[in-house]
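So this one's coords-v5.cif, mmCIF, C-alpha atoms and all ligand atoms:
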data_input
#
loop_
_atom_site.group_PDB
_atom_site.id
_atom_site.type_symbol
_atom_site.label_atom_id
_atom_site.label_comp_id
_atom_site.auth_asym_id
_atom_site.auth_seq_id
_atom_site.Cartn_x
_atom_site.Cartn_y
_atom_site.Cartn_z
ATOM 1 C CA MET A 190 23.560 -16.697 -27.066
ATOM 2 C CA SER A 191 24.452 -18.284 -23.736
ATOM 3 C CA ASP A 192 28.046 -17.189 -24.102
ATOM 4 C CA SER A 193 27.207 -13.576 -24.870
ATOM 5 C CA LEU A 194 28.512 -10.880 -22.529
ATOM 6 C CA ALA A 195 27.600 -7.389 -21.367
ATOM 7 C CA ILE A 196 30.032 -4.618 -20.511
ATOM 8 C CA GLY A 197 29.409 -2.804 -17.245
ATOM 9 C CA VAL A 198 30.907 0.644 -16.684
ATOM 10 C CA ASP A 199 30.715 2.343 -13.299
ATOM 11 C CA ILE A 200 31.736 5.988 -13.443
ATOM 12 C CA GLY A 201 32.898 7.248 -10.070
ATOM 13 C CA GLY A 202 34.412 10.533 -8.963
ATOM 14 C CA THR A 203 37.928 9.071 -8.876
ATOM 15 C CA LYS A 204 37.844 5.926 -11.032
ATOM 16 C CA ILE A 205 35.945 4.263 -13.844
ATOM 17 C CA ALA A 206 35.427 0.514 -13.262
ATOM 18 C CA TYR A 207 34.775 -1.847 -16.164
ATOM 19 C CA GLY A 208 33.643 -5.464 -16.251
ATOM 20 C CA LEU A 209 32.838 -8.114 -18.847
ATOM 21 C CA VAL A 210 29.842 -9.776 -17.228
ATOM 22 C CA ASP A 211 27.837 -12.825 -18.262
ATOM 23 C CA ARG A 212 24.125 -13.576 -17.877
ATOM 24 C CA GLN A 213 24.745 -15.141 -14.439
ATOM 25 C CA GLY A 214 26.581 -12.069 -13.139
ATOM 26 C CA ALA A 215 30.057 -13.628 -13.300
ATOM 27 C CA VAL A 216 32.903 -11.249 -14.143
ATOM 28 C CA HIS A 217 35.088 -12.537 -17.002
ATOM 29 C CA ALA A 218 37.468 -9.570 -17.007
ATOM 30 C CA ALA A 219 37.811 -6.292 -15.156
ATOM 31 C CA HIS A 220 39.616 -3.036 -15.761
ATOM 32 C CA ARG A 221 39.819 0.439 -14.310
ATOM 33 C CA LEU A 222 40.924 3.887 -15.357
ATOM 34 C CA PRO A 223 41.162 7.142 -13.414
ATOM 35 C CA THR A 224 38.188 9.467 -14.012
ATOM 36 C CA LEU A 225 40.143 12.755 -13.780
ATOM 37 C CA PRO A 226 37.003 14.942 -13.994
ATOM 38 C CA GLU A 227 39.161 18.072 -13.774
ATOM 39 C CA GLU A 228 40.255 17.413 -17.375
ATOM 40 C CA GLY A 229 36.719 18.171 -18.540
ATOM 41 C CA THR A 230 33.688 16.304 -19.839
ATOM 42 C CA GLU A 231 35.090 15.475 -23.287
ATOM 43 C CA ALA A 232 38.225 13.931 -21.794
ATOM 44 C CA VAL A 233 36.170 11.803 -19.385
ATOM 45 C CA ILE A 234 33.856 10.544 -22.145
ATOM 46 C CA ASN A 235 36.917 9.720 -24.275
ATOM 47 C CA ARG A 236 38.370 7.758 -21.370
ATOM 48 C CA ILE A 237 35.081 5.900 -20.792
ATOM 49 C CA VAL A 238 35.167 4.826 -24.446
ATOM 50 C CA GLN A 239 38.876 3.983 -24.317
ATOM 51 C CA GLY A 240 38.145 1.508 -21.517
ATOM 52 C CA ILE A 241 35.194 -0.017 -23.362
ATOM 53 C CA GLU A 242 37.348 -0.498 -26.465
ATOM 54 C CA HIS A 243 39.926 -2.225 -24.273
ATOM 55 C CA MET A 244 37.243 -4.596 -22.925
ATOM 56 C CA LEU A 245 36.151 -5.382 -26.494
ATOM 57 C CA THR A 246 39.685 -6.587 -27.296
ATOM 58 C CA LEU A 247 39.554 -9.104 -24.415
ATOM 59 C CA THR A 248 36.852 -11.373 -25.808
ATOM 60 C CA ASP A 249 35.474 -12.948 -28.982
ATOM 61 C CA ALA A 250 32.052 -13.444 -27.374
ATOM 62 C CA PRO A 251 29.170 -11.365 -28.735
ATOM 63 C CA ILE A 252 28.705 -8.151 -26.703
ATOM 64 C CA VAL A 253 24.960 -7.595 -26.372
ATOM 65 C CA GLY A 254 25.058 -4.227 -24.655
ATOM 66 C CA ILE A 255 26.817 -1.737 -22.428
ATOM 67 C CA GLY A 256 25.368 -0.699 -19.085
ATOM 68 C CA MET A 257 26.643 2.436 -17.394
ATOM 69 C CA GLY A 258 26.164 3.695 -13.865
ATOM 70 C CA SER A 259 26.960 7.309 -13.075
ATOM 71 C CA PRO A 260 26.428 9.490 -10.041
ATOM 72 C CA GLY A 261 23.872 12.261 -10.286
ATOM 73 C CA GLN A 262 20.446 13.065 -11.649
ATOM 74 C CA ILE A 263 20.017 11.060 -14.825
ATOM 75 C CA ASN A 264 17.286 10.618 -17.421
ATOM 76 C CA PRO A 265 17.641 6.939 -18.387
ATOM 77 C CA HIS A 266 15.279 7.367 -21.359
ATOM 78 C CA THR A 267 17.438 10.003 -23.086
ATOM 79 C CA GLY A 268 20.819 9.042 -21.600
ATOM 80 C CA VAL A 269 21.405 12.586 -20.349
ATOM 81 C CA VAL A 270 23.086 13.371 -17.032
ATOM 82 C CA TYR A 271 21.262 16.489 -15.849
ATOM 83 C CA LEU A 272 23.546 17.080 -12.914
ATOM 84 C CA ALA A 273 26.476 15.215 -11.357
ATOM 85 C CA THR A 274 28.114 17.515 -8.833
ATOM 86 C CA ASN A 275 31.265 15.493 -8.147
ATOM 87 C CA LEU A 276 32.014 15.262 -11.887
ATOM 88 C CA ASP A 277 30.979 18.897 -12.473
ATOM 89 C CA TRP A 278 28.584 17.690 -15.188
ATOM 90 C CA HIS A 279 25.533 19.647 -16.293
ATOM 91 C CA ASN A 280 23.259 18.302 -19.051
ATOM 92 C CA VAL A 281 25.838 15.902 -20.468
ATOM 93 C CA GLU A 282 24.534 13.712 -23.324
ATOM 94 C CA LEU A 283 26.477 10.729 -22.088
ATOM 95 C CA VAL A 284 24.875 7.833 -23.985
ATOM 96 C CA GLN A 285 24.999 9.726 -27.274
ATOM 97 C CA GLY A 286 28.605 10.794 -26.609
ATOM 98 C CA VAL A 287 29.697 7.222 -25.938
ATOM 99 C CA ARG A 288 27.851 5.732 -28.910
ATOM 100 C CA GLN A 289 29.276 8.328 -31.307
ATOM 101 C CA ARG A 290 32.822 7.502 -30.274
ATOM 102 C CA LEU A 291 32.538 3.698 -30.188
ATOM 103 C CA SER A 292 34.020 1.686 -33.047
ATOM 104 C CA ARG A 293 31.024 -0.700 -32.978
ATOM 105 C CA ASP A 294 27.274 -0.199 -32.869
ATOM 106 C CA ILE A 295 26.307 -1.542 -29.431
ATOM 107 C CA PRO A 296 23.225 -0.497 -27.422
ATOM 108 C CA VAL A 297 24.036 1.541 -24.301
ATOM 109 C CA TRP A 298 21.904 1.932 -21.160
ATOM 110 C CA LEU A 299 22.545 4.454 -18.410
ATOM 111 C CA HIS A 300 21.189 4.808 -14.885
ATOM 112 C CA ASN A 301 22.102 6.528 -11.664
ATOM 113 C CA ASP A 302 24.705 4.408 -9.819
ATOM 114 C CA ALA A 303 22.386 3.576 -6.899
ATOM 115 C CA ASN A 304 19.750 2.385 -9.368
ATOM 116 C CA ALA A 305 22.365 0.223 -11.091
ATOM 117 C CA SER A 306 23.282 -1.277 -7.699
ATOM 118 C CA ALA A 307 19.622 -2.065 -7.019
ATOM 119 C CA MET A 308 19.309 -3.784 -10.381
ATOM 120 C CA GLY A 309 22.459 -5.804 -9.666
ATOM 121 C CA GLU A 310 21.050 -6.966 -6.320
ATOM 122 C CA MET A 311 17.747 -7.966 -7.940
ATOM 123 C CA LEU A 312 19.376 -9.980 -10.721
ATOM 124 C CA PHE A 313 22.418 -11.414 -8.957
ATOM 125 C CA GLY A 314 22.592 -10.457 -5.297
ATOM 126 C CA ALA A 315 20.877 -10.060 -1.945
ATOM 127 C CA ALA A 316 17.471 -9.374 -3.520
ATOM 128 C CA LYS A 317 17.597 -12.029 -6.219
ATOM 129 C CA GLY A 318 14.104 -12.528 -7.573
ATOM 130 C CA CYS A 319 12.647 -9.998 -5.088
ATOM 131 C CA SER A 320 10.071 -7.686 -6.705
ATOM 132 C CA ASP A 321 9.989 -5.039 -3.953
ATOM 133 C CA PHE A 322 12.968 -3.865 -1.939
ATOM 134 C CA LEU A 323 15.037 -0.854 -0.920
ATOM 135 C CA ILE A 324 18.783 -0.457 -1.118
ATOM 136 C CA LEU A 325 20.712 2.032 1.016
ATOM 137 C CA THR A 326 24.263 2.760 -0.170
ATOM 138 C CA VAL A 327 26.337 4.064 2.712
ATOM 139 C CA GLY A 328 29.608 5.474 1.425
ATOM 140 C CA THR A 329 31.212 8.913 1.380
ATOM 141 C CA GLY A 330 27.620 10.042 0.865
ATOM 142 C CA LEU A 331 24.289 8.279 1.378
ATOM 143 C CA GLY A 332 22.338 7.073 -1.638
ATOM 144 C CA GLY A 333 19.407 4.820 -2.203
ATOM 145 C CA ALA A 334 17.172 3.159 -4.728
ATOM 146 C CA ALA A 335 13.958 1.171 -4.746
ATOM 147 C CA ILE A 336 12.601 -1.616 -6.863
ATOM 148 C CA SER A 337 8.818 -1.593 -6.750
ATOM 149 C CA GLY A 338 6.784 -4.202 -8.604
ATOM 150 C CA GLY A 339 9.980 -5.467 -10.244
ATOM 151 C CA LYS A 340 10.807 -2.034 -11.672
ATOM 152 C CA LEU A 341 13.138 0.766 -10.666
ATOM 153 C CA LEU A 342 11.330 3.623 -9.022
ATOM 154 C CA LEU A 343 12.534 6.661 -10.985
ATOM 155 C CA GLY A 344 10.264 9.574 -10.074
ATOM 156 C CA GLY A 345 9.238 12.521 -12.244
ATOM 157 C CA LYS A 346 12.621 14.250 -12.203
ATOM 158 C CA PHE A 347 14.605 11.019 -11.744
ATOM 159 C CA VAL A 348 15.565 11.783 -8.158
ATOM 160 C CA ALA A 349 13.269 9.314 -6.399
ATOM 161 C CA MET A 350 14.878 7.673 -3.333
ATOM 162 C CA GLU A 351 17.494 10.415 -2.981
ATOM 163 C CA VAL A 352 17.459 9.358 0.661
ATOM 164 C CA GLY A 353 20.620 11.179 1.677
ATOM 165 C CA HIS A 354 18.979 14.548 1.171
ATOM 166 C CA ILE A 355 15.455 14.205 2.530
ATOM 167 C CA PRO A 356 15.730 16.509 5.569
ATOM 168 C CA VAL A 357 13.908 14.343 8.119
ATOM 169 C CA ILE A 358 16.050 14.823 11.222
ATOM 170 C CA PRO A 359 14.617 17.567 13.473
ATOM 171 C CA ASN A 360 17.155 20.256 14.450
ATOM 172 C CA GLY A 361 19.743 18.333 12.464
ATOM 173 C CA ARG A 362 23.144 19.258 11.108
ATOM 174 C CA LEU A 363 23.555 21.629 8.202
ATOM 175 C CA CYS A 364 24.196 19.603 5.060
ATOM 176 C CA ARG A 365 26.494 20.609 2.213
ATOM 177 C CA CYS A 366 23.332 20.683 0.032
ATOM 178 C CA GLY A 367 22.070 23.598 2.143
ATOM 179 C CA ALA A 368 19.270 21.759 3.956
ATOM 180 C CA LEU A 369 19.143 21.049 7.691
ATOM 181 C CA GLY A 370 18.907 17.494 9.020
ATOM 182 C CA CYS A 371 19.741 15.423 5.938
ATOM 183 C CA PRO A 372 20.413 11.740 6.795
ATOM 184 C CA GLU A 373 23.682 11.971 4.842
ATOM 185 C CA MET A 374 25.017 14.193 7.637
ATOM 186 C CA TYR A 375 24.760 11.145 9.976
ATOM 187 C CA ALA A 376 24.755 7.981 7.896
ATOM 188 C CA SER A 377 27.799 8.352 5.645
ATOM 189 C CA GLY A 378 31.539 8.949 5.830
ATOM 190 C CA THR A 379 30.850 12.677 5.554
ATOM 191 C CA GLY A 380 28.283 12.402 8.347
ATOM 192 C CA MET A 381 30.639 10.449 10.606
ATOM 193 C CA MET A 382 33.288 13.123 10.241
ATOM 194 C CA ALA A 383 30.760 15.860 11.010
ATOM 195 C CA GLY A 384 29.656 13.877 14.069
ATOM 196 C CA LEU A 385 33.244 13.439 15.202
ATOM 197 C CA GLU A 386 33.783 17.201 15.052
ATOM 198 C CA ASP A 387 30.531 17.851 16.965
ATOM 199 C CA HIS A 388 31.062 15.311 19.736
ATOM 200 C CA LEU A 389 34.829 15.148 20.221
ATOM 201 C CA PRO A 390 34.971 18.080 22.710
ATOM 202 C CA HIS A 391 32.604 16.114 24.979
ATOM 203 C CA TYR A 392 34.657 12.890 24.843
ATOM 204 C CA PRO A 393 38.198 13.892 25.948
ATOM 205 C CA PHE A 394 38.940 10.313 27.055
ATOM 206 C CA SER A 395 37.928 8.674 23.771
ATOM 207 C CA VAL A 396 40.685 6.764 21.955
ATOM 208 C CA LEU A 397 39.800 9.008 19.005
ATOM 209 C CA ALA A 398 40.754 12.152 20.958
ATOM 210 C CA ASP A 399 44.474 11.295 20.759
ATOM 211 C CA LYS A 400 44.528 10.484 17.065
ATOM 212 C CA GLU A 401 45.371 12.770 14.173
ATOM 213 C CA ASN A 402 43.521 12.502 10.854
ATOM 214 C CA VAL A 403 40.890 10.098 12.193
ATOM 215 C CA SER A 404 39.422 7.903 9.430
ATOM 216 C CA THR A 405 36.045 6.137 9.318
ATOM 217 C CA GLU A 406 37.985 2.877 9.822
ATOM 218 C CA ASP A 407 39.470 4.322 13.062
ATOM 219 C CA ILE A 408 35.962 5.185 14.256
ATOM 220 C CA LEU A 409 34.659 1.678 13.466
ATOM 221 C CA ALA A 410 37.661 0.132 15.264
ATOM 222 C CA ALA A 411 36.958 2.336 18.306
ATOM 223 C CA ALA A 412 33.300 1.276 18.281
ATOM 224 C CA ARG A 413 34.350 -2.399 18.175
ATOM 225 C CA GLU A 414 36.425 -1.796 21.320
ATOM 226 C CA GLY A 415 33.399 -0.252 23.009
ATOM 227 C CA ASP A 416 34.733 3.318 22.925
ATOM 228 C CA ALA A 417 31.764 5.539 23.814
ATOM 229 C CA LEU A 418 32.370 8.079 21.036
ATOM 230 C CA GLY A 419 32.862 5.341 18.439
ATOM 231 C CA VAL A 420 29.641 3.663 19.548
ATOM 232 C CA LEU A 421 27.797 6.997 19.452
ATOM 233 C CA LEU A 422 28.908 7.661 15.863
ATOM 234 C CA VAL A 423 27.758 4.192 14.775
ATOM 235 C CA ASP A 424 24.430 4.805 16.542
ATOM 236 C CA GLU A 425 24.113 8.023 14.553
ATOM 237 C CA ILE A 426 24.439 6.030 11.339
ATOM 238 C CA VAL A 427 21.675 3.688 12.526
ATOM 239 C CA ASN A 428 19.456 6.602 13.585
ATOM 240 C CA GLY A 429 20.049 8.466 10.326
ATOM 241 C CA LEU A 430 19.149 5.406 8.260
ATOM 242 C CA LEU A 431 16.070 4.660 10.376
ATOM 243 C CA ALA A 432 14.747 8.218 10.194
ATOM 244 C CA VAL A 433 14.470 8.025 6.440
ATOM 245 C CA THR A 434 13.815 4.299 5.982
ATOM 246 C CA VAL A 435 10.774 3.935 8.248
ATOM 247 C CA PRO A 436 8.565 6.377 6.296
ATOM 248 C CA ILE A 437 9.758 4.927 2.985
ATOM 249 C CA ILE A 438 8.814 1.443 4.194
ATOM 250 C CA GLY A 439 5.350 2.807 4.928
ATOM 251 C CA LEU A 440 5.104 4.241 1.429
ATOM 252 C CA LEU A 441 6.556 1.404 -0.629
ATOM 253 C CA ASP A 442 5.902 -1.744 1.431
ATOM 254 C CA PRO A 443 9.220 -3.418 0.550
ATOM 255 C CA LEU A 444 9.955 -7.071 1.354
ATOM 256 C CA ARG A 445 13.534 -6.387 2.436
ATOM 257 C CA VAL A 446 16.126 -3.668 2.921
ATOM 258 C CA VAL A 447 19.590 -4.142 1.407
ATOM 259 C CA VAL A 448 22.522 -2.207 2.871
ATOM 260 C CA GLY A 449 25.541 -1.608 0.621
ATOM 261 C CA GLY A 450 28.218 0.979 -0.075
ATOM 262 C CA GLY A 451 31.852 0.881 1.047
ATOM 263 C CA LEU A 452 31.141 2.095 4.580
ATOM 264 C CA GLY A 453 27.916 0.084 4.851
ATOM 265 C CA LEU A 454 29.859 -3.122 4.137
ATOM 266 C CA ALA A 455 32.874 -2.179 6.294
ATOM 267 C CA ALA A 456 30.572 -1.451 9.238
ATOM 268 C CA TRP A 457 28.132 -4.318 8.654
ATOM 269 C CA ASP A 458 29.245 -6.198 11.795
ATOM 270 C CA LEU A 459 28.330 -3.096 13.824
ATOM 271 C CA LEU A 460 25.299 -1.973 11.843
ATOM 272 C CA GLY A 461 23.457 -5.058 10.655
ATOM 273 C CA GLU A 462 22.023 -6.331 13.901
ATOM 274 C CA ARG A 463 21.385 -2.883 15.414
ATOM 275 C CA LEU A 464 19.573 -1.730 12.313
ATOM 276 C CA THR A 465 17.490 -4.905 12.160
ATOM 277 C CA ASN A 466 16.530 -4.691 15.847
ATOM 278 C CA ARG A 467 15.710 -0.992 15.770
ATOM 279 C CA LEU A 468 13.654 -1.392 12.619
ATOM 280 C CA HIS A 469 11.724 -4.268 14.163
ATOM 281 C CA GLU A 470 11.138 -2.180 17.311
ATOM 282 C CA GLU A 471 9.830 0.787 15.374
ATOM 283 C CA LEU A 472 7.625 -1.287 13.103
ATOM 284 C CA SER A 473 6.340 -3.850 15.590
ATOM 285 C CA GLN A 474 2.558 -3.752 15.887
ATOM 286 C CA THR A 475 2.352 -2.361 12.354
ATOM 287 C CA VAL A 476 1.553 -4.130 9.090
ATOM 288 C CA PHE A 477 5.212 -3.536 8.121
ATOM 289 C CA GLU A 478 6.828 -5.639 10.834
ATOM 290 C CA ASP A 479 9.619 -8.176 10.296
ATOM 291 C CA ILE A 480 11.305 -6.762 7.218
ATOM 292 C CA PRO A 481 14.758 -8.372 6.874
ATOM 293 C CA VAL A 482 17.795 -6.093 6.635
ATOM 294 C CA VAL A 483 20.473 -7.801 4.541
ATOM 295 C CA LYS A 484 23.973 -7.063 3.342
ATOM 296 C CA SER A 485 24.629 -6.223 -0.298
ATOM 297 C CA GLU A 486 26.102 -9.169 -2.223
ATOM 298 C CA VAL A 487 27.118 -7.546 -5.500
ATOM 299 C CA LEU A 488 30.565 -6.282 -4.635
ATOM 300 C CA SER A 489 31.555 -5.059 -8.102
ATOM 301 C CA SER A 490 29.882 -1.827 -9.197
ATOM 302 C CA ALA A 491 30.568 -2.867 -12.797
ATOM 303 C CA VAL A 492 28.273 -5.890 -12.292
ATOM 304 C CA GLY A 493 25.468 -3.566 -11.185
ATOM 305 C CA ALA A 494 26.003 -1.496 -14.328
ATOM 306 C CA ALA A 495 26.097 -4.596 -16.556
ATOM 307 C CA SER A 496 22.866 -5.876 -14.988
ATOM 308 C CA LEU A 497 21.072 -2.957 -16.686
ATOM 309 C CA VAL A 498 21.781 -4.677 -19.995
ATOM 310 C CA TRP A 499 20.452 -8.073 -18.911
ATOM 311 C CA TYR A 500 17.353 -6.487 -17.385
ATOM 312 C CA GLU A 501 16.563 -4.548 -20.567
ATOM 313 C CA LEU A 502 17.099 -7.572 -22.826
ATOM 314 C CA ASP A 503 14.872 -9.745 -20.600
ATOM 315 C CA ASN A 504 12.075 -7.198 -20.373
ATOM 316 C CA ARG A 505 11.688 -6.040 -23.949
HETATM 317 ZN ZN ZN A 601 21.578 17.323 2.104
#

How would this structure read if it were set down as structure tokens?
Ligand SMILES: [Zn+2]
Amino acid sequence: MSDSLAIGVDIGGTKIAYGLVDRQGAVHAAHRLPTLPEEGTEAVINRIVQGIEHMLTLTDAPIVGIGMGSPGQINPHTGVVYLATNLDWHNVELVQGVRQRLSRDIPVWLHNDANASAMGEMLFGAAKGCSDFLILTVGTGLGGAAISGGKLLLGGKFVAMEVGHIPVIPNGRLCRCGALGCPEMYASGTGMMAGLEDHLPHYPFSVLADKENVSTEDILAAAREGDALGVLLVDEIVNGLLAVTVPIIGLLDPLRVVVGGGLGLAAWDLLGERLTNRLHEELSQTVFEDIPVVKSEVLSSAVGAASLVWYELDNR
């Protein structure tokens, strides 16, 4: 069965990414469709299946399973998405819905997208063969996942490692979730924009003060030029990540920390070393010192989703 393949499906708020992925994590074919969540749950599930059927036409190799990553609070045992705010999903029986519509009987596994990323890193990426690690996904929002003892840490309500919304920052910004001081309000695209709004009045000479519609890329470019406001906003990402990561390191004793997500990767040249140094400072003289901070290596979210299949088949 060395030539068998898995299909990975990453369901995002704007697009659905598909990949035909082999046992070594190589992508044999890729595809994407718009998610269009405003058309409703049924339409999105139909589109998910439409893309899978397209992938099935691209190969004669045996397809051993389908792995899906979706945002939100997900029960991987029942395949139900309890809540996915950006898709406006509540209690959606996603695995059942996909299997009912598929033309072939193929096993389907579903996890939260951050958990799928963690699995991808463990099988094919920056945490290959590592039994205990954390992943922080810095994007529009801030997500996270943990592998502990070689297994995904799920929690009782399947929201373990929801690091973006653990309100650990004293007197912090009001988050869109309603809590005060969530790390997402610092260490994410959303957080950077909130920080820009907060600090801009105090930095009239920043290169960002003259720009309209400032993007996260503009802020990173300003930081690279040494602009004080740009540097401050990058420091806020580092501080936000540290505030939540240090206690989690104490709880889970990971061997490394992986940083991923679109913004995490785009800002790696600014973040990587600072985060490593600050973490080493905070944890020096403790039993948790010298934990490496590394950059995510699985760049396709569909590979993370497909890795769920290979993990399940290997661990039956
Ligand atoms: Zn929050």

Expansion of the PyMOL selection byres (((not hetatm)) within 12 of (chain A and resi 601)) into residues, as a PyMOL selection string: chain A and resi 330-332+351-358+361-377+379-380

Selection: 12 Å around A:Asp407, all atoms listed in the file, excl. self and same-chain fewer than 2 positions, as a list in words: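 Answer for this query is Gly378, Met381, Met382, Leu385, Ser395, Val396, Leu397, Ala398, Asp399, Lys400, Glu401, Asn402, Val403, Ser404, Thr405, Leu409, Ala410, Ala411, Ala412, Arg413, Glu414, Asp416, Leu418, Gly419, Val420, Leu422, Val423, Ala455 and Ala456 of chain A.
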
Polymer residues at most 12 Å from A:Glu486, all atoms listed in the file, same-chain spacing of 3 or more positions, as a PyMOL selection string: chain A and resi 214+306-317+324+447-450+453-454+483+489-490+492-493

Shortest interatomic distance to A:His300 - which of A:Gly202, A:Val216, A:Gly256, A:Thr248, counting all atoms listed in the file: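 Smallest separation from A:His300 among the options: A:Gly256.
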
Atom-to-atom span, atom CA of A:Trp499 and atom CA of A:Gly254, Å: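 Computing the Euclidean distance for atom CA of A:Trp499 and atom CA of A:Gly254 yields 8.3 Å.
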
Shell around stretch 205-209 of chain A at 9 Å using all atoms listed in the file, local window under 6 positions removed, as an MDAnalysis selection string: chainID A and resid 194:199 215:224 236:237 240:241 244:245 247:248 252 489:492 494:495

Test item: the PyMOL selection byres (((chain A and resi 343-345) around 12) and not hetatm) resolved as a PyMOL selection string: chain A and resi 262-266+300-301+303-305+307+333-337+340-342+346-351

Separation of atom CA of A:Ile426 from atom CA of A:Val270, in Å and rounded to one decimal: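 Separation of atom CA of A:Ile426 and atom CA of A:Val270: 29.3 Å.
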
Length of the atom CA of A:Leu452 to atom CA of A:Met257 vector [Å]: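 About the pair atom CA of A:Leu452 and atom CA of A:Met257: they are 22.4 Å apart.
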
What do you get, as a compact mmCIF listing (two decimals) with C-alpha atoms, keeping the file's coordinate frame, if you spell out every residue that the PyMOL selection byres (((chain A and resi 284) around 7) and not hetatm) selects here?
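Contents of out17.txt, freshly written:
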# COMPACT_ATOMS: atom_id res chain seq x y z
CA GLY A 268 20.82 9.04 -21.60
CA VAL A 269 21.40 12.59 -20.35
CA GLU A 282 24.53 13.71 -23.32
CA LEU A 283 26.48 10.73 -22.09
CA GLN A 285 25.00 9.73 -27.27
CA GLY A 286 28.60 10.79 -26.61
CA VAL A 287 29.70 7.22 -25.94
CA ARG A 288 27.85 5.73 -28.91
CA VAL A 297 24.04 1.54 -24.30
CA LEU A 299 22.54 4.45 -18.41

Given all atoms listed in the file as the counted atoms, nearest of A:Asp321, A:Thr267, A:Gln239, A:Gly328 to A:Ser292: A:Gln239

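Nearest to A:Leu502 of all the residues A:Leu431, A:Leu225, A:Val253, A:Val327 is A:Val253, based on only C-alpha atoms.
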
Residue nearest A:Glu478 among A:Gly461, A:Pro443, A:Gly318, A:Pro296 (counting all atoms listed in the file):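 Of all the options, A:Pro443 lies closest to A:Glu478.
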